[in-house]
>>> print(open('my_file_2.txt').read())   # compact mmCIF, C-alpha atoms
# COMPACT_ATOMS: atom_id res chain seq x y z
CA MET A 18 -77.65 -35.11 -35.91
CA LYS A 19 -80.75 -32.95 -36.10
CA TYR A 20 -80.53 -29.46 -37.50
CA LYS A 21 -81.97 -26.63 -35.39
CA ASP A 22 -82.86 -23.26 -36.82
CA TYR A 23 -81.48 -20.86 -34.23
CA TYR A 24 -82.33 -17.76 -36.23
CA ALA A 25 -85.96 -18.83 -36.44
CA ALA A 26 -85.99 -19.61 -32.70
CA LEU A 27 -85.10 -15.98 -31.99
CA GLY A 28 -87.16 -14.62 -34.89
CA VAL A 29 -84.23 -12.71 -36.43
CA PRO A 30 -82.94 -12.67 -40.02
CA ARG A 31 -79.68 -14.54 -40.68
CA GLU A 32 -77.83 -11.30 -41.28
CA ALA A 33 -78.95 -9.77 -37.93
CA ASP A 34 -76.19 -8.00 -36.00
CA ALA A 35 -75.18 -8.78 -32.41
CA GLU A 36 -77.34 -5.99 -30.97
CA GLN A 37 -80.44 -7.16 -32.84
CA ILE A 38 -79.90 -10.73 -31.65
CA LYS A 39 -79.46 -9.63 -28.07
CA ARG A 40 -82.60 -7.50 -28.14
CA ALA A 41 -84.68 -10.29 -29.71
CA TYR A 42 -83.39 -12.76 -27.15
CA ARG A 43 -84.08 -10.55 -24.14
CA LYS A 44 -87.59 -9.86 -25.32
CA LEU A 45 -88.35 -13.57 -25.72
CA ALA A 46 -86.54 -14.51 -22.52
CA ARG A 47 -88.63 -12.02 -20.56
CA GLU A 48 -91.78 -13.54 -22.02
CA HIS A 49 -90.95 -17.22 -21.50
CA HIS A 50 -88.74 -17.18 -18.42
CA PRO A 51 -90.00 -19.84 -15.98
CA ASP A 52 -89.92 -17.22 -13.18
CA VAL A 53 -92.57 -15.11 -14.90
CA CYS A 54 -94.43 -17.52 -17.16
CA ALA A 55 -96.48 -20.27 -15.57
CA ALA A 56 -97.40 -22.00 -18.85
CA PRO A 57 -96.31 -25.66 -18.77
CA GLU A 58 -94.33 -25.40 -22.01
CA ALA A 59 -92.53 -22.21 -20.91
CA GLU A 60 -89.47 -24.00 -19.59
CA ALA A 61 -88.88 -25.99 -22.77
CA ARG A 62 -89.49 -22.92 -24.91
CA PHE A 63 -87.09 -20.90 -22.79
CA LYS A 64 -84.45 -23.60 -23.13
CA ASP A 65 -84.73 -23.49 -26.92
CA ILE A 66 -84.40 -19.72 -26.98
CA ALA A 67 -81.44 -19.80 -24.59
CA GLU A 68 -79.71 -22.50 -26.64
CA ALA A 69 -80.14 -20.47 -29.82
CA TYR A 70 -78.78 -17.38 -28.11
CA GLN A 71 -75.78 -19.19 -26.62
CA THR A 72 -74.70 -20.02 -30.15
CA LEU A 73 -75.56 -16.81 -31.97
CA ARG A 74 -74.07 -14.43 -29.39
CA ASP A 75 -70.63 -16.03 -29.70
CA PRO A 76 -68.86 -15.09 -32.97
CA ASP A 77 -66.93 -18.41 -33.13
CA LYS A 78 -69.98 -20.54 -32.53
CA ARG A 79 -72.11 -18.46 -34.86
CA ALA A 80 -69.52 -18.79 -37.66
CA ALA A 81 -69.38 -22.56 -37.14
CA TYR A 82 -73.17 -22.75 -37.15
CA ASP A 83 -73.41 -20.65 -40.31
CA GLU A 84 -71.03 -23.08 -42.02
CA LEU A 85 -73.74 -25.71 -41.78
CA GLY A 86 -75.81 -23.71 -44.24
CA ARG A 87 -79.54 -23.33 -44.18
CA ARG A 88 -81.70 -26.42 -43.70
CA PRO A 89 -85.20 -27.19 -42.58
CA ALA A 90 -85.38 -27.51 -38.79
CA GLY A 91 -85.27 -31.12 -37.59
CA GLU A 92 -83.53 -32.38 -40.73
CA GLU A 93 -80.92 -35.09 -40.17
CA PHE A 94 -77.50 -34.01 -41.36
CA ALA A 95 -73.82 -34.82 -40.96
CA PRO A 96 -71.46 -32.03 -39.91
CA PRO A 97 -68.38 -31.37 -42.07
CA PRO A 98 -65.74 -34.12 -41.68
CA GLN A 99 -63.09 -31.74 -40.31
CA TRP A 100 -65.36 -31.10 -37.30
CA ALA A 101 -64.82 -34.66 -36.19
CA ARG A 102 -61.11 -33.99 -35.80
CA GLU A 103 -61.70 -30.83 -33.82
CA PHE A 104 -64.57 -32.03 -31.71
CA ALA A 105 -63.68 -35.45 -30.47
CA GLY A 106 -60.09 -35.91 -31.49
CA GLY A 107 -61.22 -37.62 -34.67
CA ALA A 108 -63.03 -40.41 -32.89
CA GLY A 109 -66.61 -41.53 -33.07
CA SER A 110 -69.67 -40.40 -34.97
CA PHE A 111 -72.01 -37.52 -34.33
CA ASP A 112 -75.14 -39.64 -34.12
CA GLU A 113 -75.62 -39.21 -30.39
CA VAL A 114 -74.29 -35.68 -30.18
CA ASP A 115 -76.53 -32.66 -29.69
CA LEU A 116 -75.85 -29.69 -31.93
CA ALA A 117 -75.60 -27.36 -28.91
CA ASP A 118 -72.89 -29.51 -27.28
CA LEU A 119 -70.98 -29.62 -30.50
CA LEU A 120 -71.11 -25.86 -30.96
CA ALA A 121 -70.19 -25.34 -27.30
CA ALA A 122 -66.87 -27.01 -28.11
CA PHE A 123 -66.28 -24.34 -30.76
CA GLY A 124 -66.93 -21.63 -28.22
CA ARG A 125 -64.17 -23.05 -26.05
CA GLY A 126 -61.60 -22.26 -28.70
CA ARG A 127 -61.87 -23.92 -32.05
CA HIS A 128 -58.51 -22.61 -33.17
CA ARG A 129 -56.80 -24.10 -30.14
CA GLY A 130 -58.07 -27.46 -31.21
CA ALA A 131 -59.65 -28.01 -27.80
CA HIS A 132 -61.24 -31.41 -27.55
CA GLN A 133 -64.43 -31.69 -25.64
CA GLY A 134 -63.08 -34.80 -23.93
CA SER A 135 -60.34 -32.89 -22.16
CA VAL A 136 -62.31 -30.07 -20.57
CA PRO A 137 -63.30 -30.62 -16.90
CA VAL A 138 -67.03 -30.10 -16.48
CA ARG A 139 -68.49 -29.53 -13.03
CA GLY A 140 -71.61 -31.55 -12.19
CA ARG A 141 -74.99 -29.86 -12.25
CA ASP A 142 -76.37 -28.27 -9.07
CA HIS A 143 -79.90 -29.18 -8.08
CA GLU A 144 -82.32 -26.88 -6.30
CA THR A 145 -85.29 -28.31 -4.54
CA ALA A 146 -87.84 -27.21 -1.96
CA VAL A 147 -89.05 -29.36 0.90
CA ARG A 148 -91.87 -28.72 3.34
CA ILE A 149 -91.44 -30.21 6.77
CA SER A 150 -93.50 -30.12 9.94
CA LEU A 151 -92.64 -27.91 12.89
CA GLU A 152 -91.85 -31.00 14.94
CA ASP A 153 -89.42 -32.25 12.27
CA ALA A 154 -87.69 -28.87 12.15
CA HIS A 155 -87.32 -29.03 15.92
CA ARG A 156 -86.14 -32.61 16.24
CA GLY A 157 -84.48 -33.14 12.87
CA ALA A 158 -85.85 -35.28 10.09
CA ARG A 159 -84.89 -37.89 7.61
CA LEU A 160 -86.16 -37.27 4.09
CA ASN A 161 -86.06 -39.06 0.79
CA LEU A 162 -85.35 -36.60 -1.98
CA GLN A 163 -86.35 -37.50 -5.52
CA LEU A 164 -83.83 -36.11 -7.97
CA ALA A 165 -83.76 -36.26 -11.74
CA ASP A 166 -80.28 -36.94 -13.07
CA GLU A 167 -78.77 -35.81 -16.37
CA GLN A 168 -79.88 -38.91 -18.23
CA GLY A 169 -83.48 -38.18 -17.30
CA GLY A 170 -83.59 -41.02 -14.76
CA ALA A 171 -84.70 -40.56 -11.17
CA ARG A 172 -82.69 -41.30 -8.09
CA THR A 173 -83.52 -41.16 -4.42
CA LEU A 174 -81.24 -39.61 -1.87
CA GLU A 175 -81.76 -40.03 1.83
CA VAL A 176 -80.99 -36.82 3.67
CA THR A 177 -80.91 -36.08 7.36
CA ILE A 178 -81.97 -32.56 8.21
CA PRO A 179 -80.34 -31.66 11.50
CA PRO A 180 -82.48 -30.13 14.26
CA GLY A 181 -82.68 -26.34 14.08
CA ALA A 182 -84.16 -25.49 10.68
CA SER A 183 -86.48 -22.50 10.55
CA GLU A 184 -88.86 -21.18 7.90
CA GLY A 185 -87.00 -20.26 4.72
CA GLN A 186 -83.81 -22.00 5.86
CA ARG A 187 -81.46 -23.06 3.07
CA LEU A 188 -79.15 -26.01 3.23
CA ARG A 189 -76.45 -27.27 0.95
CA LEU A 190 -75.61 -30.90 0.39
CA ARG A 191 -72.11 -30.73 -0.92
CA GLY A 192 -71.14 -32.99 -3.79
CA ARG A 193 -74.57 -34.66 -4.00
CA GLY A 194 -75.71 -33.08 -7.25
CA GLY A 195 -74.78 -34.21 -10.76
CA LYS A 196 -71.51 -36.07 -11.32
CA GLY A 197 -68.61 -34.04 -12.66
CA ARG A 198 -66.90 -35.14 -15.86
CA HIS A 199 -63.27 -35.26 -16.93
CA GLY A 200 -61.99 -34.34 -13.49
CA GLY A 201 -64.60 -31.66 -12.73
CA GLY A 202 -66.12 -31.62 -9.24
CA ASP A 203 -69.56 -33.03 -8.45
CA GLY A 204 -72.44 -30.57 -8.18
CA ASP A 205 -74.27 -29.67 -4.99
CA ILE A 206 -77.89 -29.88 -3.88
CA TYR A 207 -79.54 -26.77 -2.52
CA LEU A 208 -82.50 -27.37 -0.24
CA HIS A 209 -85.03 -24.68 0.54
CA ILE A 210 -86.98 -25.55 3.67
CA THR A 211 -90.47 -24.31 4.40
CA LEU A 212 -92.55 -25.20 7.43
CA ALA A 213 -96.03 -26.63 7.09
CA PRO A 214 -98.65 -24.59 8.98
CA HIS A 215 -99.22 -25.99 12.47
CA PRO A 216 -102.68 -26.11 14.03
CA VAL A 217 -101.45 -24.62 17.32
CA PHE A 218 -98.10 -22.88 16.90
CA ARG A 219 -96.96 -20.12 14.57
CA ALA A 220 -93.20 -19.86 14.06
CA ASP A 221 -91.24 -16.61 13.97
CA GLY A 222 -87.66 -17.71 13.39
CA HIS A 223 -87.08 -20.10 16.26
CA ASP A 224 -89.71 -18.49 18.49
CA LEU A 225 -93.23 -19.90 18.61
CA HIS A 226 -96.51 -18.11 19.18
CA LEU A 227 -99.65 -19.67 20.53
CA ASP A 228 -103.07 -18.20 21.24
CA LEU A 229 -104.08 -18.51 24.86
CA ALA A 230 -107.78 -18.02 25.49
CA LEU A 231 -108.69 -16.94 29.04
CA ALA A 232 -112.03 -16.50 30.76
CA PRO A 233 -112.54 -12.92 32.03
CA TRP A 234 -112.16 -14.05 35.63
CA GLU A 235 -108.94 -15.99 34.85
CA ALA A 236 -107.48 -12.88 33.27
CA ALA A 237 -108.61 -10.66 36.13
CA LEU A 238 -107.82 -12.92 39.09
CA GLY A 239 -104.86 -14.83 37.69
CA ALA A 240 -104.83 -18.56 37.13
CA GLU A 241 -102.73 -21.60 36.46
CA VAL A 242 -103.57 -22.94 33.03
CA GLU A 243 -102.28 -25.82 30.98
CA VAL A 244 -100.65 -24.84 27.69
CA PRO A 245 -99.36 -27.13 24.94
CA THR A 246 -95.64 -27.07 24.08
CA LEU A 247 -93.53 -29.17 21.72
CA ASP A 248 -92.49 -31.19 24.77
CA GLY A 249 -96.01 -31.78 26.02
CA PRO A 250 -98.36 -29.67 28.15
CA VAL A 251 -96.97 -27.47 30.92
CA LEU A 252 -98.61 -25.36 33.61
CA LEU A 253 -98.43 -21.64 33.03
CA LYS A 254 -99.04 -19.14 35.78
CA VAL A 255 -101.16 -16.28 34.47
CA PRO A 256 -100.67 -13.23 36.71
CA ALA A 257 -103.69 -11.36 38.02
CA GLY A 258 -104.71 -8.43 35.84
CA THR A 259 -103.51 -9.98 32.56
CA ARG A 260 -104.86 -7.97 29.65
CA ALA A 261 -105.77 -9.25 26.20
CA GLY A 262 -102.87 -9.08 23.78
CA ARG A 263 -100.28 -9.61 26.51
CA LYS A 264 -97.57 -12.11 25.65
CA LEU A 265 -96.55 -14.54 28.33
CA ARG A 266 -93.12 -15.93 27.62
CA LEU A 267 -92.11 -19.51 28.26
CA ARG A 268 -88.37 -19.35 27.99
CA ALA A 269 -86.61 -21.95 25.78
CA ARG A 270 -89.85 -23.73 24.82
CA GLY A 271 -89.58 -22.74 21.15
CA LEU A 272 -87.78 -24.49 18.31
CA ALA A 273 -84.27 -25.88 18.63
CA ASN A 274 -81.91 -23.44 16.93
CA GLY A 275 -79.25 -25.97 15.96
CA ARG A 276 -76.68 -24.25 18.15
CA GLY A 277 -77.58 -25.98 21.35
CA GLY A 278 -80.23 -23.43 22.32
CA ARG A 279 -83.94 -22.99 21.76
CA GLY A 280 -86.25 -20.14 20.90
CA ASP A 281 -88.98 -18.99 23.28
CA LEU A 282 -92.68 -19.79 23.28
CA TYR A 283 -95.08 -16.87 23.56
CA ALA A 284 -98.62 -17.43 24.77
CA VAL A 285 -100.64 -14.53 23.40
CA VAL A 286 -103.61 -13.83 25.62
CA HIS A 287 -107.08 -13.20 24.36
CA VAL A 288 -110.02 -12.94 26.67
CA ASP A 289 -113.09 -14.85 25.65
CA VAL A 290 -116.62 -14.66 27.01
CA PRO A 291 -119.40 -17.23 26.98
CA GLY A 292 -121.59 -16.92 23.88
CA THR A 293 -124.70 -17.49 25.94
CA LEU A 294 -125.04 -16.98 29.66
CA THR A 295 -126.82 -19.09 32.19
CA PRO A 296 -129.25 -17.10 34.37
CA ARG A 297 -126.78 -17.27 37.25
CA GLU A 298 -123.87 -16.04 35.09
CA ARG A 299 -126.00 -13.19 33.81
CA GLU A 300 -126.88 -12.24 37.37
CA LEU A 301 -123.22 -12.23 38.43
CA PHE A 302 -122.07 -10.22 35.40
CA GLN A 303 -124.84 -7.71 36.04
CA GLU A 304 -123.81 -7.38 39.62
CA LEU A 305 -120.20 -6.88 38.51
CA ALA A 306 -121.26 -4.28 35.96
CA THR A 307 -123.03 -2.31 38.67
CA ALA A 308 -120.25 -2.61 41.21
CA SER A 309 -117.20 -2.07 38.99
CA ARG A 310 -115.86 1.37 38.09
CA PHE A 311 -113.56 -0.09 35.43
CA ASP A 312 -113.79 1.76 32.10
CA PRO A 313 -111.79 -0.02 29.36
CA ARG A 314 -112.28 2.98 27.02
CA ALA A 315 -111.06 5.60 29.45
CA VAL A 316 -107.59 5.81 27.86
CA ALA A 317 -108.92 5.72 24.31
CA ALA A 318 -111.41 8.51 25.06
CA LYS A 319 -108.70 10.71 26.53
CA GLY A 320 -106.49 10.04 23.50
CA GLY A 321 -109.32 10.96 21.12
CA ALA A 322 -110.09 14.21 22.93
CA SER A 323 -106.56 15.57 22.96
CA MET B 6 -78.34 -45.70 -2.05
CA THR B 7 -75.17 -44.29 -0.62
CA ALA B 8 -72.99 -45.49 2.20
CA HIS B 9 -71.54 -42.09 2.99
CA PRO B 10 -73.39 -39.71 5.25
CA VAL B 11 -74.57 -36.63 3.40
CA GLU B 12 -72.73 -33.53 4.51
CA VAL B 13 -75.36 -30.91 5.27
CA GLY B 14 -74.31 -27.28 5.49
CA TRP B 15 -76.48 -24.42 6.77
CA LEU B 16 -76.52 -21.53 4.36
CA ASP B 17 -76.57 -18.87 7.03
CA ALA B 18 -74.16 -16.82 9.10
CA ARG B 19 -72.82 -20.01 10.72
CA GLU B 20 -70.87 -20.98 7.62
CA THR B 21 -68.49 -19.23 5.30
CA VAL B 22 -67.56 -19.71 1.66
CA THR B 23 -64.36 -18.78 -0.11
CA ARG B 24 -64.35 -16.58 -3.19
CA ILE B 25 -63.59 -19.47 -5.49
CA GLU B 26 -66.41 -21.53 -3.98
CA LEU B 27 -68.82 -18.63 -4.33
CA ALA B 28 -67.75 -18.07 -7.93
CA GLN B 29 -68.34 -21.73 -8.73
CA ALA B 30 -71.74 -21.83 -7.04
CA CYS B 31 -73.14 -18.89 -8.99
CA GLY B 32 -71.40 -19.41 -12.32
CA MET B 33 -69.13 -16.37 -12.14
CA THR B 34 -65.40 -15.84 -12.20
CA GLU B 35 -63.40 -14.80 -9.16
CA ALA B 36 -62.72 -11.46 -10.83
CA GLU B 37 -66.45 -10.90 -11.22
CA ILE B 38 -67.00 -11.65 -7.53
CA ALA B 39 -64.29 -9.10 -6.73
CA GLU B 40 -66.08 -6.58 -8.95
CA LEU B 41 -69.37 -7.13 -7.10
CA VAL B 42 -67.51 -6.43 -3.86
CA GLU B 43 -66.17 -3.23 -5.41
CA TYR B 44 -69.70 -2.15 -6.34
CA GLY B 45 -70.71 -2.71 -2.71
CA ALA B 46 -73.27 -5.38 -3.62
CA LEU B 47 -71.39 -8.06 -1.74
CA ARG B 48 -69.36 -7.79 1.45
CA ALA B 49 -66.48 -10.01 2.46
CA LEU B 50 -66.24 -10.89 6.14
CA PRO B 51 -63.50 -9.22 8.14
CA ALA B 52 -60.62 -11.33 6.88
CA THR B 53 -58.39 -13.45 9.00
CA GLY B 54 -56.19 -14.61 6.11
CA ALA B 55 -55.25 -13.26 2.72
CA GLU B 56 -58.14 -15.05 1.00
CA PRO B 57 -61.49 -13.19 1.27
CA VAL B 58 -64.34 -15.20 2.78
CA PHE B 59 -68.08 -14.55 2.67
CA SER B 60 -71.01 -15.52 4.83
CA ALA B 61 -72.81 -18.54 3.34
CA GLU B 62 -75.98 -16.48 3.80
CA CYS B 63 -75.24 -14.67 0.53
CA LEU B 64 -75.26 -17.88 -1.53
CA PRO B 65 -78.96 -18.22 -2.41
CA ALA B 66 -79.28 -14.62 -3.65
CA MET B 67 -75.96 -14.85 -5.48
CA ARG B 68 -77.04 -18.02 -7.23
CA ARG B 69 -80.34 -16.45 -8.19
CA ALA B 70 -78.58 -13.33 -9.50
CA GLY B 71 -76.10 -15.51 -11.39
CA ARG B 72 -78.93 -17.42 -13.02
CA LEU B 73 -80.83 -14.28 -14.00
CA ARG B 74 -77.62 -12.87 -15.39
CA ARG B 75 -77.17 -15.88 -17.66
CA ASP B 76 -80.85 -16.05 -18.57
CA PHE B 77 -81.12 -12.39 -19.55
CA ASP B 78 -77.51 -11.68 -20.52
CA LEU B 79 -77.19 -8.89 -17.94
CA ASP B 80 -74.01 -6.97 -17.38
CA LEU B 81 -72.29 -7.17 -14.02
CA PHE B 82 -73.36 -3.76 -12.82
CA ALA B 83 -76.99 -4.73 -13.39
CA VAL B 84 -76.27 -7.88 -11.35
CA ALA B 85 -74.96 -5.69 -8.53
CA LEU B 86 -78.21 -3.70 -8.49
CA LEU B 87 -80.24 -6.87 -8.79
CA LEU B 88 -78.48 -8.37 -5.78
CA GLU B 89 -79.38 -5.44 -3.59
CA TYR B 90 -83.03 -5.78 -4.57
CA LEU B 91 -83.02 -9.55 -4.09
CA ASN B 92 -81.58 -9.13 -0.62
CA ARG B 93 -84.13 -6.44 0.18
CA ILE B 94 -87.00 -8.67 -0.99
CA ASP B 95 -85.64 -11.51 1.11
CA GLN B 96 -85.46 -9.26 4.15
CA LEU B 97 -89.01 -7.99 3.63
CA GLU B 98 -90.35 -11.50 3.11
CA ARG B 99 -88.79 -12.51 6.39
CA GLN B 100 -90.44 -9.53 8.08
CA VAL B 101 -93.83 -10.45 6.62
CA ARG B 102 -93.48 -14.03 7.84
CA SER B 103 -92.46 -12.77 11.24
CA LEU B 104 -95.46 -10.43 11.40
CA GLN B 105 -97.80 -13.21 10.31
CA ALA B 106 -96.71 -15.22 13.34
CA HIS B 107 -98.00 -12.36 15.47
CA VAL B 108 -101.46 -12.35 13.90
CA PRO B 109 -103.70 -14.39 16.20
CA PHE B 110 -105.80 -17.17 14.68
CA HIS B 111 -108.94 -15.56 16.09
CA ALA B 112 -108.25 -12.20 14.45
CA PRO B 113 -110.38 -11.32 11.44
CA ALA B 114 -108.94 -12.93 8.30
CA VAL B 115 -106.17 -10.85 6.79
CA HIS B 116 -105.99 -10.58 3.03
CA ARG B 117 -102.49 -11.87 2.40
CA GLU B 118 -102.55 -12.10 -1.36
CA GLY B 119 -102.77 -8.39 -2.04
CA PRO B 120 -105.73 -6.46 -3.42
CA GLN B 121 -108.84 -8.43 -4.23
CA PRO B 122 -110.43 -8.18 -7.67
CA TRP B 123 -112.90 -5.37 -7.80
CA ARG B 124 -116.47 -6.44 -8.37
CA GLU B 125 -119.29 -4.26 -9.46
CA PRO B 126 -122.22 -4.51 -7.11
CA HIS B 127 -125.45 -5.57 -8.73
CA GLY B 128 -127.42 -2.44 -9.31
>>> encode(input="my_file_2.txt", output="structure tokens")
Amino acid sequence: MKYKDYYAALGVPREADAEQIKRAYRKLAREHHPDVCAAPEAEARFKDIAEAYQTLRDPDKRAAYDELGRRPAGEEFAPPPQWAREFAGGAGSFDEVDLADLLAAFGRGRHRGAHQGSVPVRGRDHETAVRISLEDAHRGARLNLQLADEQGGARTLEVTIPPGASEGQRLRLRGRGGKGRHGGGDGDIYLHITLAPHPVFRADGHDLHLDLALAPWEAALGAEVEVPTLDGPVLLKVPAGTRAGRKLRLRARGLANGRGGRGDLYAVVHVDVPGTLTPRERELFQELATASRFDPRAVAAKGGAS
Amino acid sequence: MTAHPVEVGWLDARETVTRIELAQACGMTEAEIAELVEYGALRALPATGAEPVFSAECLPAMRRAGRLRRDFDLDLFAVALLLEYLNRIDQLERQVRSLQAHVPFHAPAVHREGPQPWREPHG
């Protein structure tokens, strides 16, 4: 078994009191926590610090650890023979055992003679994020999840995501995480779903938004225009006098919500004009400009004056 | 790989979890879950039986809080405060995503990553 210097890992003297150890740990944890530190080695460093703290914060484990005396880190050593009786019921060697696992057994009640072999251990939970397309969220999808198991191997799990997921949706796959030991339950898998950006639709929960460009005359006179939906193009009746920014609702053309219903699809109108005009178009627009008494800034001007 | 279909559960208001299940999922004891309820950081659903049940919606934040508690050795009252902030962040993130869906593609690009680094103009 390899010796680990837990005091050095936390940067505290061997005679440090509980408060000192806690403060040193928190400071280091804050610095190396994978949530705040993006450095590639942060996770491993954090694990070392956490392992050291798990032992030194517990008086039983710390006492057991101190019994080992002071050695250079990484040195091979054999724990005292009486540990074998307490740890594994007297069986086996310590060659394959990690120091942290061994000390964890002490934390569970050394004086009770608890054997590691008899304690039920629940399997590890996995958390993983998956990005799926809008269409897959709507119709459901079959995914292959790559999971790393405890032994460091990889396994593939085929998962069917039912229709109805929305951005940020979380799912739980019960009992599909790490295997439990000694009668402990299997762990779960937690899936965090995000939606890949779509070239046409923007999702808001189960509702979808789509930009609908209209020519000025379509907006003014009304028109029937083709709009894309998840089920293929449909004809949308644009009422006369439709202003930019108006939302035209297509009921139940959004995403499936997984409860038998669907969100709505909103076509958000914006009025576009030709970048360059033909002579005839220019003539017609000029005629319109002369004839029309429409002032789009009339309301804004009144608001500004009051 | 596996012959059994994978049981997929939605972690939202559709599903509920028992106190013992919640405790297991976030590495706490049942008594600690009860204490979080006492602090008002966690609400049980109006009970039908003697056993309190919770909306599965609370699971992700509870797991996160449980992990931060272990990682930073926080006391339970700090976890209660943390939970409220985690839930608030979650709510705000949802609002931001919802608002982003309302920003048309043709609108001028919105700076979504916060303030841009300040650059001194060449004199």
>>> residues_around(input="my_file_2.txt", residues="range 222-230 of chain A", least_positions_apart="3", cutoff="8 Å", atoms="only C-alpha atoms", output="compact mmCIF listing (two decimals) with C-alpha atoms, keeping the file's coordinate frame")
# COMPACT_ATOMS: atom_id res chain seq x y z
CA GLY A 181 -82.68 -26.34 14.08
CA SER A 183 -86.48 -22.50 10.55
CA GLU A 184 -88.86 -21.18 7.90
CA VAL A 217 -101.45 -24.62 17.32
CA PHE A 218 -98.10 -22.88 16.90
CA ARG A 219 -96.96 -20.12 14.57
CA VAL A 244 -100.65 -24.84 27.69
CA GLY A 271 -89.58 -22.74 21.15
CA LEU A 272 -87.78 -24.49 18.31
CA ALA A 273 -84.27 -25.88 18.63
CA ASN A 274 -81.91 -23.44 16.93
CA ARG A 279 -83.94 -22.99 21.76
CA GLY A 280 -86.25 -20.14 20.90
CA ASP A 281 -88.98 -18.99 23.28
CA LEU A 282 -92.68 -19.79 23.28
CA TYR A 283 -95.08 -16.87 23.56
CA ALA A 284 -98.62 -17.43 24.77
CA VAL A 285 -100.64 -14.53 23.40
CA VAL A 286 -103.61 -13.83 25.62
CA HIS A 287 -107.08 -13.20 24.36
CA VAL A 288 -110.02 -12.94 26.67
CA ASP A 289 -113.09 -14.85 25.65
CA SER B 103 -92.46 -12.77 11.24
CA ALA B 106 -96.71 -15.22 13.34
CA HIS B 107 -98.00 -12.36 15.47
CA PRO B 109 -103.70 -14.39 16.20
CA PHE B 110 -105.80 -17.17 14.68
>>> residues_around(input="my_file_2.txt", residues="Arg69 in chain B", least_positions_apart="2", cutoff="12 Å", atoms="only C-alpha atoms", output="VMD selection string")
(chain A and resid 52 144 207) or (chain B and resid 30 to 33 63 to 67 71 to 76 84 87 to 92 95)
>>> interface_residues(input="my_file_2.txt", of="chain B", to="chain A", cutoff="6 Å", atoms="all atoms listed in the file", output="number ranges by chain")
B: 12-16, 77, 103, 106
>>> atom_distance(input="my_file_2.txt", atom1="CA of Lys19 in chain A", atom2="CA of Asp34 in chain A")
25.4 Å
>>> residues_around(input="my_file_2.txt", residues="range 86-102 of chain A", least_positions_apart="6", cutoff="6 Å", atoms="all atoms listed in the file", output="ChimeraX atom specification")
/A:18-22
>>> closest_residue(input="my_file_2.txt", among="B:Leu86, B:Leu47, B:Leu81, B:Val108", to="Thr34 in chain B", atoms="all atoms listed in the file")
B:Leu81
>>> residues_around(input="my_file_2.txt", residues="Gly292 in chain A", least_positions_apart="4", cutoff="12 Å", atoms="all atoms listed in the file", output="list in words")
Ala232, Glu298 and Arg299 of chain A
>>> residues_around(input="my_file_2.txt", residues="Leu252 in chain A", least_positions_apart="4", cutoff="12 Å", atoms="all atoms listed in the file", output="list in words")
Ala240, Glu241, Val242, Glu243, Val244, Pro245, Thr246, Leu267 and Ala284 of chain A
>>> axis_aligned_box(input="my_file_2.txt", around="range 157-175 of chain A", padding_each_side="3 Å", output="lines of an AutoDock Vina configuration file")
center_x = -82.6
center_y = -37.2
center_z = -2.7
size_x = 13.6
size_y = 14.2
size_z = 37.1
>>> atom_distance(input="my_file_2.txt", atom1="CA of Leu27 in chain A", atom2="CA of Ala41 in chain A")
6.1 Å
>>> atom_distance(input="my_file_2.txt", atom1="CA of Leu265 in chain A", atom2="CA of Ala237 in chain A")
14.9 Å
>>> residues_near_point(input="my_file_2.txt", point="(-71.8, -25.2, -37.9)", cutoff="9 Å", atoms="all atoms listed in the file", output="ChimeraX atom specification")
/A:78-86,96-97,100,116,119-120
>>> closest_residue(input="my_file_2.txt", among="B:Glu40, B:Asp78, B:Glu35, B:Glu62", to="Val22 in chain B", atoms="only C-alpha atoms")
B:Glu62
>>> closest_residue(input="my_file_2.txt", among="A:Leu151, A:Ala26, A:Leu253, A:Leu212", to="Arg102 in chain B", atoms="all atoms listed in the file")
A:Leu212
>>> residues_near_point(input="my_file_2.txt", point="(-102.7, -14.7, 36.6)", cutoff="9 Å", atoms="only C-alpha atoms", output="number ranges by chain")
A: 235-241, 253-259
